[in-house]
Amino acid sequence: MNVPTWVWLTTVGAAMLFLLVDVLVIGRRPHEPSTGESARHLAFFIGLAVLFGIGVWVFAGAQFGAEFFAGWLTEYSLSVDNLFIFIIIMSKFAVPRQYQQTALLIGIILALVFRGIFIAVGAAAINNFSWVFYLFGAFLVYTAIHLAREGQTGDEDYHENALIRWTRNHLPATDQYNGVKLTVVENGKRLITPMAIVLVALGTTDLLFALDSIPAIYGLTNEPYLVLMANVFALMGLRQLYFLIGGLLLRLVYLGIGLSVLLFFIGVKLILHALHENEVPFINGGQPVQWAPDIPIWLSLVVIVGTLAVTAAASLLKTRRDERRSAA
């Protein structure tokens with residue numbers, strides 16, 4: 001896929017413009033968005049992603065169009081899982097609702113930065129080391145098994161990491177929020193606010209999720225442009241989704257299992273692709289393994305859509321059944 005420089009600059013510039021508008025609007029007026037505001041913005045961002053995918057399909061061909069949609073849906077699913085942890089962090093640190101937009105926006109910006117770095121590193125590794133697909137595939141299979149053992153996401157699944165504990169123990173802090181400020185002066189002494197610790201928690205969470213998401217999407221497309229745009233569109237609207245259906249997200253009790261199926265499938269797909277294109281000397285004498293199939297993108301798209309649909313339906317059925325039992 002040959003993407004002209006002006007297309008790169010235009011699309012990345014447009015994405016940065018949306019983020020800048022978000023920063024300016026929220027920075028000047030921190031608030032809890034209404035349901036209507038969240039729904040309009042979310043519909044706008046999802047519509048943009050669909051239009052972009054259709055544009056790729058029309059101008060670059062069905063193969064690349066399907067790769068974008070498969071990558072976008074996978075990254076969006078992983079971002080929703082990330083949102084679960086964001087909800088838990090906001091709850092544990094008792095972030096006031098009117099300040100949660102700012103925290104979420106900064107978390108999303110950090111996610112874009114980390115994913116951008118990993119996208120560049122992943123592209124360089126793929127271009128120079130064909131065996132990296134074996135590593136990506138094995139890592140995704142391991143992650144899938146770990147996710148399946150955990151099951152659904154709950155408060156007990158979140159544990160403060162070493163960086164958060166170090167921040168708590170070594171930096172003088174106040175337990176009072178001061179708007180969205182990260183520090184405050186009390187009795188002539190500079191203290192960090194709980195918002196600073198929240199941002200450390202969000203940033204480290206973003207870093208961990210980037211480790212999963214980038215190998216996953218490189219299992220669906222090798223085009224850095226599509227990888228980047230799928231991640232950008234997956235993160236756009238995530239803040240609005242948080243406020244629009246935060247309660248509904250907690251009903252997706254089987255999301256972890258659904259994601260484990262997706263990651264396992266993509267991990268196996270990567271390993272089979274690596275075998276199909278094998279150049280590693282100690283595997284089949286450095287020759288491609290002829291029996292290893294290269295799973296087509298249309299099949300990947302069917303598996304992704306089917307898994308997400310079954311996961312959502314099964315989750316909602318279970319929560320409704322549990323609610324009826326509780327009522328009875």
# chains A, B, ... in the order shown; residues from 1 in each chain; ligands from 1
>>> closest_atom_pairs(of="segment 42-105 of chain A", to="segment 234-243 of chain A", cutoff="8 Å", atoms="only C-alpha atoms", output="CSV")
residue,atom,partner,partner_atom,distance
A:Leu42,CA,A:Gly237,CA,4.9
A:Phe45,CA,A:Gly237,CA,5.8
A:Ile46,CA,A:Gly237,CA,7.5
A:Trp72,CA,A:Ala234,CA,6.0
A:Leu73,CA,A:Ala234,CA,7.6
A:Glu75,CA,A:Ala234,CA,5.8
A:Tyr76,CA,A:Ala234,CA,4.5
A:Ser79,CA,A:Ala234,CA,6.7
A:Val80,CA,A:Leu238,CA,7.6
A:Leu83,CA,A:Tyr242,CA,7.0
A:Ile87,CA,A:Tyr242,CA,7.9
A:Gln101,CA,A:Arg239,CA,6.9
A:Leu104,CA,A:Arg239,CA,6.1
A:Leu105,CA,A:Arg239,CA,6.7
>>> residues_around(residues="Glu277 of chain A", least_positions_apart="6", cutoff="9 Å", atoms="only C-alpha atoms", output="ChimeraX atom specification")
/A:130,287-289
>>> atom_distance(atom1="atom CA of Leu135 of chain A", atom2="atom CA of Gly306 of chain A")
26.5 Å
>>> residues_around(residues="Ala111 of chain A", least_positions_apart="5", cutoff="9 Å", atoms="only C-alpha atoms", output="PyMOL selection string")
chain A and resi 106+116+202-203+205-207+209-210+235
>>> select_by_dssp(residues="segment 78-267 of chain A", states="strand (DSSP E or B)", output="PyMOL selection string")
chain A and resi 173+183-186+189-192
>>> write_last_selection(atoms="N, CA, C and O atoms", output="tab-separated table (two decimals), in the first residue's frame")
chain	number	residue	atom	x	y	z
A	173	ALA	N	2.07	14.46	49.35
A	173	ALA	CA	0.79	14.54	48.65
A	173	ALA	C	-0.31	15.00	49.60
A	173	ALA	O	-0.21	14.87	50.83
A	183	THR	N	-0.58	19.79	41.27
A	183	THR	CA	0.10	20.16	42.52
A	183	THR	C	-0.64	21.32	43.19
A	183	THR	O	-1.42	22.02	42.55
A	184	VAL	N	-0.37	21.47	44.46
A	184	VAL	CA	-0.96	22.57	45.23
A	184	VAL	C	0.04	22.96	46.32
A	184	VAL	O	0.83	22.13	46.76
A	185	VAL	N	0.02	24.22	46.72
A	185	VAL	CA	0.89	24.70	47.79
A	185	VAL	C	0.09	24.82	49.07
A	185	VAL	O	-0.92	25.53	49.12
A	186	GLU	N	0.53	24.09	50.10
A	186	GLU	CA	-0.11	24.15	51.41
A	186	GLU	C	0.95	24.42	52.46
A	186	GLU	O	1.95	23.70	52.55
A	189	LYS	N	4.45	24.58	51.28
A	189	LYS	CA	5.06	23.34	50.77
A	189	LYS	C	4.30	22.84	49.54
A	189	LYS	O	3.07	22.82	49.53
A	190	ARG	N	5.02	22.46	48.48
A	190	ARG	CA	4.42	21.97	47.24
A	190	ARG	C	4.04	20.49	47.40
A	190	ARG	O	4.89	19.67	47.74
A	191	LEU	N	2.77	20.18	47.18
A	191	LEU	CA	2.27	18.82	47.30
A	191	LEU	C	1.62	18.38	45.99
A	191	LEU	O	1.07	19.22	45.26
A	192	ILE	N	1.68	17.09	45.69
A	192	ILE	CA	0.95	16.58	44.54
A	192	ILE	C	-0.48	16.27	44.97
A	192	ILE	O	-0.74	15.92	46.12
>>> closest_residue(among="A:Leu147, A:Val180, A:Val310, A:Ile297", to="Glu67 of chain A", atoms="only C-alpha atoms")
A:Ile297
>>> residues_around(residues="Trp291 of chain A", least_positions_apart="3", cutoff="12 Å", atoms="only C-alpha atoms", output="mmCIF file with C-alpha atoms, in the first residue's frame")
data_model
loop_
_atom_site.group_PDB
_atom_site.id
_atom_site.type_symbol
_atom_site.label_atom_id
_atom_site.label_comp_id
_atom_site.auth_asym_id
_atom_site.auth_seq_id
_atom_site.Cartn_x
_atom_site.Cartn_y
_atom_site.Cartn_z
ATOM 1 C CA LEU A 272 1.120 -19.700 11.016
ATOM 2 C CA HIS A 273 2.110 -16.653 8.945
ATOM 3 C CA LEU A 275 5.823 -20.541 9.447
ATOM 4 C CA HIS A 276 4.409 -19.801 5.978
ATOM 5 C CA GLU A 277 7.146 -17.191 5.397
ATOM 6 C CA ASN A 278 9.776 -18.905 7.564
ATOM 7 C CA ASN A 284 12.529 -26.491 8.559
ATOM 8 C CA GLN A 287 12.647 -22.802 4.377
ATOM 9 C CA PRO A 288 8.928 -21.886 4.391
ATOM 10 C CA ASP A 294 -1.863 -18.051 5.641
#
>>> residues_around(residues="Ile119 of chain A", least_positions_apart="2", cutoff="8 Å", atoms="only C-alpha atoms", output="list in words")
Arg115, Gly116, Ile117, Val121, Gly122, Ala123, Ile214, Pro224, Val227 and Leu228 of chain A
>>> atom_distance(atom1="atom CA of Gln176 of chain A", atom2="atom CA of Pro96 of chain A")
10.8 Å
>>> atom_distance(atom1="atom CA of Leu317 of chain A", atom2="atom CA of Leu255 of chain A")
13.1 Å
>>> select_by_dssp(residues="segment 72-268 of chain A", states="alpha helix (DSSP H)", output="ChimeraX atom specification")
/A:72-92,97-128,132-150,162-170,194-218,224-235,238-249,255-268
